[in-house]
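Colleague: Input structure: my_file-v2.txt, which contains compact mmCIF, C-alpha atoms and all ligand atoms.
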# COMPACT_ATOMS: atom_id res chain seq x y z
CA MET A 1 79.14 124.60 85.72
CA ILE A 2 80.67 125.38 89.10
CA ARG A 3 83.15 128.20 89.20
CA SER A 4 84.39 130.43 91.99
CA GLU A 5 86.79 133.30 92.59
CA ILE A 6 89.71 130.88 93.02
CA CYS A 7 89.22 129.73 89.38
CA GLU A 8 89.68 133.27 88.10
CA MET A 9 92.57 133.98 90.46
CA LEU A 10 94.58 130.89 89.45
CA GLY A 11 93.34 130.36 85.89
CA ILE A 12 91.92 126.90 86.62
CA ARG A 13 88.66 125.42 85.38
CA TYR A 14 87.33 123.78 88.55
CA PRO A 15 87.95 124.81 92.18
CA VAL A 16 89.57 121.48 93.06
CA PHE A 17 93.13 121.20 94.42
CA GLN A 18 95.10 117.97 94.74
CA GLY A 19 96.74 117.64 98.16
CA GLY A 20 100.52 117.99 98.38
CA MET A 21 101.17 114.46 99.56
CA ALA A 22 104.82 113.88 100.51
CA TRP A 23 106.56 111.07 98.54
CA ILE A 24 103.39 110.69 96.45
CA ALA A 25 102.41 113.87 94.60
CA ASP A 26 105.00 113.91 91.81
CA GLY A 27 105.11 115.80 88.50
CA LYS A 28 103.07 113.16 86.72
CA LEU A 29 100.13 113.26 89.16
CA ALA A 30 100.22 117.07 89.37
CA ALA A 31 100.11 117.40 85.57
CA ALA A 32 97.20 114.94 85.30
CA VAL A 33 95.18 116.94 87.84
CA SER A 34 95.97 120.26 86.15
CA ASN A 35 95.11 118.79 82.74
CA GLY A 36 91.81 117.66 84.29
CA GLY A 37 91.00 121.27 85.17
CA GLY A 38 92.01 121.28 88.84
CA LEU A 39 95.20 122.52 90.50
CA GLY A 40 97.86 119.81 90.48
CA ILE A 41 100.45 120.14 93.20
CA VAL A 42 103.99 118.73 93.36
CA ALA A 43 104.88 117.81 96.94
CA ALA A 44 108.34 118.71 98.21
CA GLY A 45 107.90 116.67 101.39
CA ASN A 46 111.28 115.91 102.94
CA ALA A 47 113.02 115.68 99.54
CA PRO A 48 116.15 117.63 98.50
CA GLY A 49 115.70 120.67 96.26
CA GLU A 50 116.98 118.99 93.10
CA TYR A 51 114.25 116.33 93.31
CA VAL A 52 111.63 119.08 93.57
CA ARG A 53 113.15 120.94 90.62
CA GLU A 54 113.01 117.78 88.50
CA GLN A 55 109.36 117.10 89.41
CA ILE A 56 108.32 120.68 88.62
CA ARG A 57 110.02 120.30 85.21
CA ILE A 58 108.26 116.97 84.60
CA ALA A 59 104.90 118.56 85.50
CA LYS A 60 105.55 121.53 83.22
CA SER A 61 106.57 119.24 80.36
CA LEU A 62 103.20 117.45 80.65
CA THR A 63 100.87 120.44 81.02
CA ASP A 64 100.57 124.10 80.05
CA ARG A 65 98.17 124.77 82.89
CA PRO A 66 99.18 126.24 86.25
CA ILE A 67 100.71 123.90 88.81
CA GLY A 68 101.45 124.35 92.49
CA VAL A 69 104.26 123.17 94.75
CA ASN A 70 103.59 122.17 98.35
CA ILE A 71 106.37 123.02 100.76
CA MET A 72 106.45 120.96 103.93
CA LEU A 73 107.88 123.42 106.42
CA MET A 74 109.42 120.78 108.70
CA SER A 75 111.65 119.54 105.87
CA PRO A 76 115.42 119.84 106.40
CA PHE A 77 115.59 121.16 102.80
CA VAL A 78 112.94 123.85 103.19
CA ASP A 79 115.31 126.81 102.56
CA GLU A 80 116.60 125.44 99.25
CA VAL A 81 113.14 124.34 98.09
CA ALA A 82 111.84 127.84 98.88
CA LYS A 83 114.37 129.23 96.33
CA ILE A 84 113.81 126.54 93.72
CA VAL A 85 110.08 127.27 93.38
CA VAL A 86 111.05 130.82 92.41
CA GLU A 87 113.73 129.66 89.93
CA GLU A 88 111.38 127.13 88.29
CA GLY A 89 108.47 129.53 87.93
CA ALA A 90 105.84 127.72 89.99
CA GLU A 91 102.55 129.62 89.74
CA VAL A 92 101.31 128.65 93.20
CA VAL A 93 102.96 127.60 96.46
CA THR A 94 101.01 125.88 99.20
CA THR A 95 102.63 125.26 102.58
CA GLY A 96 101.96 122.76 105.36
CA ALA A 97 102.98 121.73 108.85
CA GLY A 98 104.13 125.15 110.01
CA ASN A 99 104.29 128.91 109.63
CA PRO A 100 105.72 130.15 106.28
CA SER A 101 106.09 133.83 107.30
CA LYS A 102 109.82 134.11 106.62
CA TYR A 103 109.46 133.05 102.95
CA MET A 104 106.35 135.03 102.03
CA GLU A 105 108.02 138.25 100.86
CA ALA A 106 110.39 136.49 98.42
CA TRP A 107 107.56 134.43 96.93
CA LYS A 108 105.33 137.47 96.51
CA VAL A 109 108.12 139.44 94.80
CA ALA A 110 108.40 136.49 92.35
CA ASN A 111 104.66 136.78 91.64
CA ILE A 112 103.92 133.39 93.19
CA LYS A 113 100.48 133.02 94.70
CA VAL A 114 100.96 131.77 98.26
CA ILE A 115 98.22 129.58 99.72
CA PRO A 116 99.17 128.28 103.18
CA VAL A 117 97.43 125.46 104.99
CA VAL A 118 96.16 126.88 108.26
CA ALA A 119 94.89 124.77 111.14
CA SER A 120 94.07 127.71 113.44
CA VAL A 121 92.43 131.15 113.35
CA ALA A 122 95.64 132.82 114.61
CA LEU A 123 97.69 131.60 111.64
CA ALA A 124 94.84 132.51 109.24
CA LYS A 125 94.92 136.11 110.51
CA LEU A 126 98.71 136.32 110.28
CA MET A 127 98.76 134.92 106.72
CA THR A 128 96.04 137.36 105.66
CA ARG A 129 98.12 140.24 107.01
CA LEU A 130 101.31 139.02 105.28
CA GLY A 131 99.67 138.90 101.85
CA ALA A 132 98.66 135.29 101.20
CA SER A 133 96.43 134.91 98.11
CA ALA A 134 94.06 132.37 99.68
CA LEU A 135 94.03 129.89 102.59
CA ILE A 136 93.52 126.15 102.84
CA ALA A 137 91.57 125.21 106.00
CA GLU A 138 92.46 121.57 106.62
CA GLY A 139 90.58 119.64 109.29
CA GLY A 140 91.83 116.61 111.19
CA GLU A 141 89.86 114.15 109.04
CA SER A 142 92.69 114.46 106.52
CA GLY A 143 95.53 112.03 106.08
CA GLY A 144 99.05 112.92 107.15
CA HIS A 145 99.91 115.67 109.61
CA VAL A 146 96.72 116.80 111.35
CA GLY A 147 95.63 119.80 113.40
CA GLU A 148 93.19 119.81 116.33
CA LEU A 149 89.94 120.94 114.70
CA THR A 150 87.63 119.09 112.32
CA THR A 151 86.80 120.49 108.89
CA MET A 152 83.22 121.22 109.99
CA ALA A 153 84.45 123.34 112.91
CA LEU A 154 87.53 124.86 111.25
CA VAL A 155 86.27 126.08 107.86
CA PRO A 156 83.60 128.55 109.07
CA GLN A 157 85.95 129.90 111.74
CA ILE A 158 88.69 130.50 109.17
CA CYS A 159 86.15 132.12 106.81
CA ASP A 160 85.12 134.49 109.60
CA ALA A 161 88.76 135.37 110.33
CA THR A 162 89.82 136.31 106.78
CA THR A 163 88.74 138.21 103.69
CA LEU A 164 90.68 135.78 101.48
CA PRO A 165 89.18 132.87 99.51
CA VAL A 166 89.21 129.68 101.61
CA ILE A 167 89.73 126.16 100.28
CA ALA A 168 88.36 123.37 102.50
CA ALA A 169 90.35 120.18 103.02
CA GLY A 170 90.04 117.05 105.15
CA GLY A 171 87.24 114.51 104.87
CA ILE A 172 86.15 115.48 101.35
CA ALA A 173 85.83 112.70 98.75
CA ASP A 174 82.79 113.40 96.59
CA GLY A 175 80.21 115.93 95.42
CA ARG A 176 78.44 115.91 98.78
CA GLY A 177 81.62 116.94 100.58
CA PHE A 178 82.30 119.55 97.89
CA ALA A 179 78.79 121.04 98.23
CA ALA A 180 79.03 121.01 102.03
CA ALA A 181 82.37 122.83 101.89
CA LEU A 182 80.76 125.63 99.87
CA MET A 183 77.97 125.84 102.46
CA LEU A 184 80.59 126.29 105.18
CA GLY A 185 81.91 129.32 103.30
CA ALA A 186 84.74 127.78 101.28
CA CYS A 187 85.07 128.50 97.56
CA GLY A 188 86.82 125.24 96.64
CA VAL A 189 88.19 122.00 98.01
CA GLN A 190 91.45 120.13 98.28
CA MET A 191 91.44 116.32 98.16
CA GLY A 192 94.35 114.02 98.91
CA THR A 193 93.11 110.52 99.63
CA ARG A 194 90.76 110.43 96.63
CA PHE A 195 93.71 111.20 94.34
CA LEU A 196 95.70 108.29 95.83
CA ALA A 197 93.42 106.17 93.66
CA ALA A 198 94.11 108.17 90.50
CA GLU A 199 95.51 106.09 87.64
CA GLU A 200 98.36 108.59 87.29
CA CYS A 201 99.31 108.28 90.98
CA THR A 202 102.50 106.23 91.09
CA ILE A 203 102.25 104.73 94.59
CA HIS A 204 102.75 100.96 95.03
CA PRO A 205 99.69 98.93 93.91
CA ILE A 206 99.35 97.55 97.45
CA TYR A 207 98.86 101.12 98.76
CA LYS A 208 96.08 101.73 96.20
CA GLU A 209 94.46 98.42 97.04
CA LYS A 210 94.49 99.26 100.75
CA ILE A 211 92.71 102.56 100.02
CA VAL A 212 90.11 100.95 97.77
CA LYS A 213 89.41 98.21 100.35
CA ALA A 214 89.45 100.47 103.42
CA ASN A 215 86.44 100.69 105.73
CA ASP A 216 85.06 103.51 107.87
CA LEU A 217 87.16 102.82 110.98
CA CYS A 218 90.40 102.02 109.21
CA THR A 219 92.45 105.13 110.06
CA MET A 220 94.06 106.21 113.32
CA VAL A 221 96.24 109.05 114.61
CA THR A 222 99.72 108.39 115.97
CA GLY A 223 102.57 110.70 116.90
CA LYS A 224 100.72 112.97 119.34
CA ARG A 225 103.33 112.44 122.05
CA LEU A 226 106.11 113.91 119.90
CA GLY A 227 103.86 116.79 118.85
CA HIS A 228 103.42 115.65 115.23
CA PRO A 229 100.11 113.81 115.03
CA VAL A 230 99.71 111.90 111.76
CA ARG A 231 96.65 110.06 110.42
CA SER A 232 97.32 106.79 108.63
CA LEU A 233 95.74 103.42 107.93
CA ARG A 234 95.47 101.18 111.01
CA THR A 235 98.21 98.77 109.93
CA GLN A 236 100.62 96.59 111.87
CA PHE A 237 103.06 99.51 111.79
CA ALA A 238 100.55 102.03 113.16
CA ARG A 239 99.53 99.70 116.00
CA ARG A 240 103.15 98.95 116.87
CA TYR A 241 103.99 102.67 116.89
CA SER A 242 100.96 103.46 119.05
CA LYS A 243 101.90 100.75 121.56
CA ALA A 244 105.43 102.13 121.77
CA GLU A 245 104.15 105.69 122.07
CA TYR A 246 101.90 104.94 125.04
CA GLY A 247 104.11 102.18 126.46
CA GLY A 248 107.08 104.24 127.54
CA ALA A 249 109.37 104.16 124.48
CA SER A 250 111.93 106.98 124.39
CA ASP A 251 111.64 109.83 121.89
CA GLU A 252 114.65 108.41 120.03
CA GLU A 253 113.03 104.97 119.78
CA LEU A 254 109.86 106.54 118.35
CA GLU A 255 111.84 108.59 115.81
CA ALA A 256 113.71 105.44 114.75
CA LEU A 257 110.44 103.50 114.32
CA ALA A 258 108.97 106.20 112.06
CA THR A 259 112.06 106.96 109.96
CA GLY A 260 111.56 105.79 106.40
CA ALA A 261 108.10 104.33 107.10
CA LEU A 262 106.29 106.51 104.54
CA ARG A 263 108.78 105.62 101.80
CA LEU A 264 108.34 101.91 102.60
CA ALA A 265 104.57 102.27 102.12
CA VAL A 266 104.73 104.36 98.94
CA GLN A 267 107.55 102.59 97.09
CA GLU A 268 107.53 99.05 98.46
CA GLY A 269 103.95 98.57 99.65
CA ASP A 270 105.49 97.16 102.85
CA THR A 271 102.46 96.25 104.96
CA GLU A 272 104.55 95.38 108.05
CA ASN A 273 106.78 98.46 108.34
CA GLY A 274 105.17 101.03 106.03
CA CYS A 275 103.13 104.03 107.15
CA PHE A 276 100.15 104.37 104.78
CA LEU A 277 98.92 107.95 105.22
CA ALA A 278 95.20 108.25 104.48
CA GLY A 279 92.20 110.35 105.48
CA GLN A 280 88.96 109.29 107.14
CA ILE A 281 87.14 109.11 103.80
CA ALA A 282 89.38 106.29 102.51
CA ALA A 283 86.36 103.97 102.68
CA MET A 284 84.53 106.21 100.20
CA VAL A 285 87.21 105.66 97.56
CA ASP A 286 86.15 102.49 95.79
CA ARG A 287 87.98 102.44 92.49
CA VAL A 288 91.03 103.55 90.55
CA GLN A 289 90.23 106.06 87.79
CA PRO A 290 91.95 108.85 85.85
CA ALA A 291 92.51 112.07 87.80
CA ALA A 292 90.42 114.03 85.28
CA ASP A 293 87.46 111.68 85.87
CA ILE A 294 87.74 112.14 89.64
CA ILE A 295 87.43 115.91 89.25
CA LYS A 296 84.60 115.66 86.73
CA GLU A 297 82.68 113.22 88.90
CA VAL A 298 82.96 115.35 92.05
CA ILE A 299 81.78 118.46 90.19
CA GLU A 300 78.94 116.61 88.43
CA GLU A 301 77.73 115.20 91.75
CA ALA A 302 77.84 118.60 93.43
CA GLU A 303 75.95 120.51 90.73
CA PRO A 304 72.47 119.02 91.28
CA LEU A 305 72.95 119.12 95.06
CA LEU A 306 73.73 122.82 94.97
CA SER A 307 70.93 123.55 92.46
CA ARG A 308 68.43 121.79 94.70
CA ALA A 309 69.68 123.39 97.92
CA SER A 310 67.03 126.14 97.75
CA SER A 311 64.29 123.50 98.12
CA TRP A 312 65.08 123.43 101.85
CA VAL A 313 63.77 126.98 102.14
CA LYS A 314 59.97 127.07 102.35
O1 LIG A 401 101.23 119.11 106.21
C1 LIG A 401 100.22 118.47 106.09
N1 LIG A 401 100.22 117.11 106.00
C2 LIG A 401 101.35 116.34 106.03
S1 LIG A 401 102.94 116.89 106.14
C3 LIG A 401 103.51 115.34 106.15
S2 LIG A 401 105.19 114.95 106.28
C4 LIG A 401 105.32 114.73 107.96
N2 LIG A 401 105.80 113.57 108.36
C5 LIG A 401 105.94 113.33 109.66
C6 LIG A 401 105.58 114.25 110.61
C7 LIG A 401 105.03 115.41 110.23
C8 LIG A 401 104.89 115.67 108.87
C9 LIG A 401 102.49 114.46 106.05
N3 LIG A 401 101.30 115.04 105.97
N4 LIG A 401 99.01 119.06 106.05
C10 LIG A 401 98.88 120.46 106.18
C11 LIG A 401 98.74 120.84 107.59
N5 LIG A 401 99.37 121.86 108.13
N6 LIG A 401 97.98 120.25 108.52
C12 LIG A 401 98.13 120.94 109.68
C13 LIG A 401 99.02 121.97 109.39
C14 LIG A 401 99.50 123.01 110.25
C15 LIG A 401 99.73 122.82 111.60
C16 LIG A 401 100.23 123.86 112.37
C17 LIG A 401 99.81 124.23 109.66
C18 LIG A 401 100.31 125.25 110.43
C19 LIG A 401 100.51 125.06 111.75
O2 LIG A 401 100.97 126.14 112.43
C20 LIG A 401 102.03 126.00 113.30
C21 LIG A 401 102.52 127.36 113.68
O3 LIG A 401 103.73 127.47 113.88
O4 LIG A 401 101.71 128.29 113.75
Show me the file's structure as structure tokens.
Ligand code: TUI
Modeller:
Amino acid sequence: MIRSEICEMLGIRYPVFQGGMAWIADGKLAAAVSNGGGLGIVAAGNAPGEYVREQIRIAKSLTDRPIGVNIMLMSPFVDEVAKIVVEEGAEVVTTGAGNPSKYMEAWKVANIKVIPVVASVALAKLMTRLGASALIAEGGESGGHVGELTTMALVPQICDATTLPVIAAGGIADGRGFAAALMLGACGVQMGTRFLAAEECTIHPIYKEKIVKANDLCTMVTGKRLGHPVRSLRTQFARRYSKAEYGGASDEELEALATGALRLAVQEGDTENGCFLAGQIAAMVDRVQPAADIIKEVIEEAEPLLSRASSWVK
């Protein structure tokens, strides 16, 4: 049995979070993860508040366990979503792609546990001071919006900079990654890409197939020039975007290329124009299975590894 302080704090069985994947992590996936003993998270992404409200309600109708909502801070709807999580009684809010300082007080007053994604020591220190409940240290191996540092480099530095529990994210797909994260000082993990292949994940079957068939070198980062680097599968779209990015396209042309590309991947499985966000461990995901089995498998793999860890010490 693996338990840590984050289990007690949030009332969850296993210290495993599901990443707040925009357009993907809906109420159904979040409920399946929470029912499996982890923390399921509804992603607000760029969606309007009413969509987020509906997904929280769907999640709550499917589980009695705590659920989280991920707020993508670059969303045009961030102010309304920030209010809706309070109205709908979310137990946990995670944030990404920015600094959530201006919302923290209102969430804390509503008794919401705030767990920001931090990609730097400076933000970790600020969030600790402003009363976050825990931090997610997400390295650049992850899919989607990425920071500069890798998980291996980031997690111990964040642990040294805070007294809060730290959840490691980015590049974690199995029990080995889970065990390694604990060795780096984290007390739990967040996985996104592995949950793309959950049965309850409602992405287009072509997206799932691409994840299951991916190989080690199949992701790349685009979007650095506009200041929003994003890791995705190396598809026709990603190559075309990269060519434009380094071939003198204007900012407006780049924005136009990217607009709607994630939706095309998630809902239509459009291999030509879709942007299939995925982390570097996509190649380690080799089958579709229920979310609860994913969690159980990761924990059951990690247990013997952690039990045997003392054999290294002679
Ligand atoms: O947010 C994510 N992953 C995402 S968001 C997303 S939607 C999107 N689409 C296009 C462009 C950009 C985003 C897809 N995937 N992960 C959490 C994360 N947060 N990774 C890195 C960060 C981060 C970066 C800088 C968090 C804070 C931060 O601080 C900035 C500041 O102002 O201090």
Colleague: Residues at most 9 Å from ligand LIG 401 (chain A), using only C-alpha atoms and all ligand atoms? Could they come as a ChimeraX atom specification?
Modeller: /A:19-23,45-46,70-75,95-100,116-120,122-123,136-140,142-148,223,227-231,258-259,262,277
Colleague: As an exercise, work out the distance from CA of Gly188 in chain A to CA of Val16 in chain A in Å and give it to one decimal place.
Modeller: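 A separation of 5.9 Å between them.
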Colleague: What does the distance between CA of Cys218 in chain A and CA of Gly279 in chain A come to in Å, to one decimal place?
Modeller: 9.3 Å
Colleague: Report the distance between CA of Leu62 in chain A and CA of Ala31 in chain A in Å, rounded to one decimal place.
Modeller: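 Result for CA of Leu62 in chain A versus CA of Ala31 in chain A: 5.8 Å, one decimal.
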Colleague: Taking (90.2, 135.6, 101.0) in the coordinates of the supplied file, I want to know which residues reach to within 8 Å of it, counting all atoms listed in the file; could you give the answer as a ChimeraX atom specification?
Modeller: /A:128,133-135,159,162-166
Colleague: Considering all atoms listed in the file, return as a list in words whatever protein or nucleic-acid residues lie within 8 Å of Glu5 in chain A, sequence-local ones (same chain, fewer than 3 positions apart) excluded.
Modeller: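 The residues satisfying every condition are Glu8, Met9, Pro165 and Cys187 of chain A.
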Colleague: Quick one: everything within 10 Å of Leu217 in chain A, counting all atoms listed in the file, minus sequence neighbours fewer than 5 positions away in the same chain. Send it as a ChimeraX atom specification.
Modeller: /A:233-234,280-283
Colleague: Pick out the closest residue to Pro304 in chain A from this set: A:Ile115, A:Ala179, A:Ala30, A:Leu154. Count all atoms listed in the file.
Modeller: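 Once distances to Pro304 in chain A are computed over all atoms listed in the file, the minimum belongs to A:Ala179.
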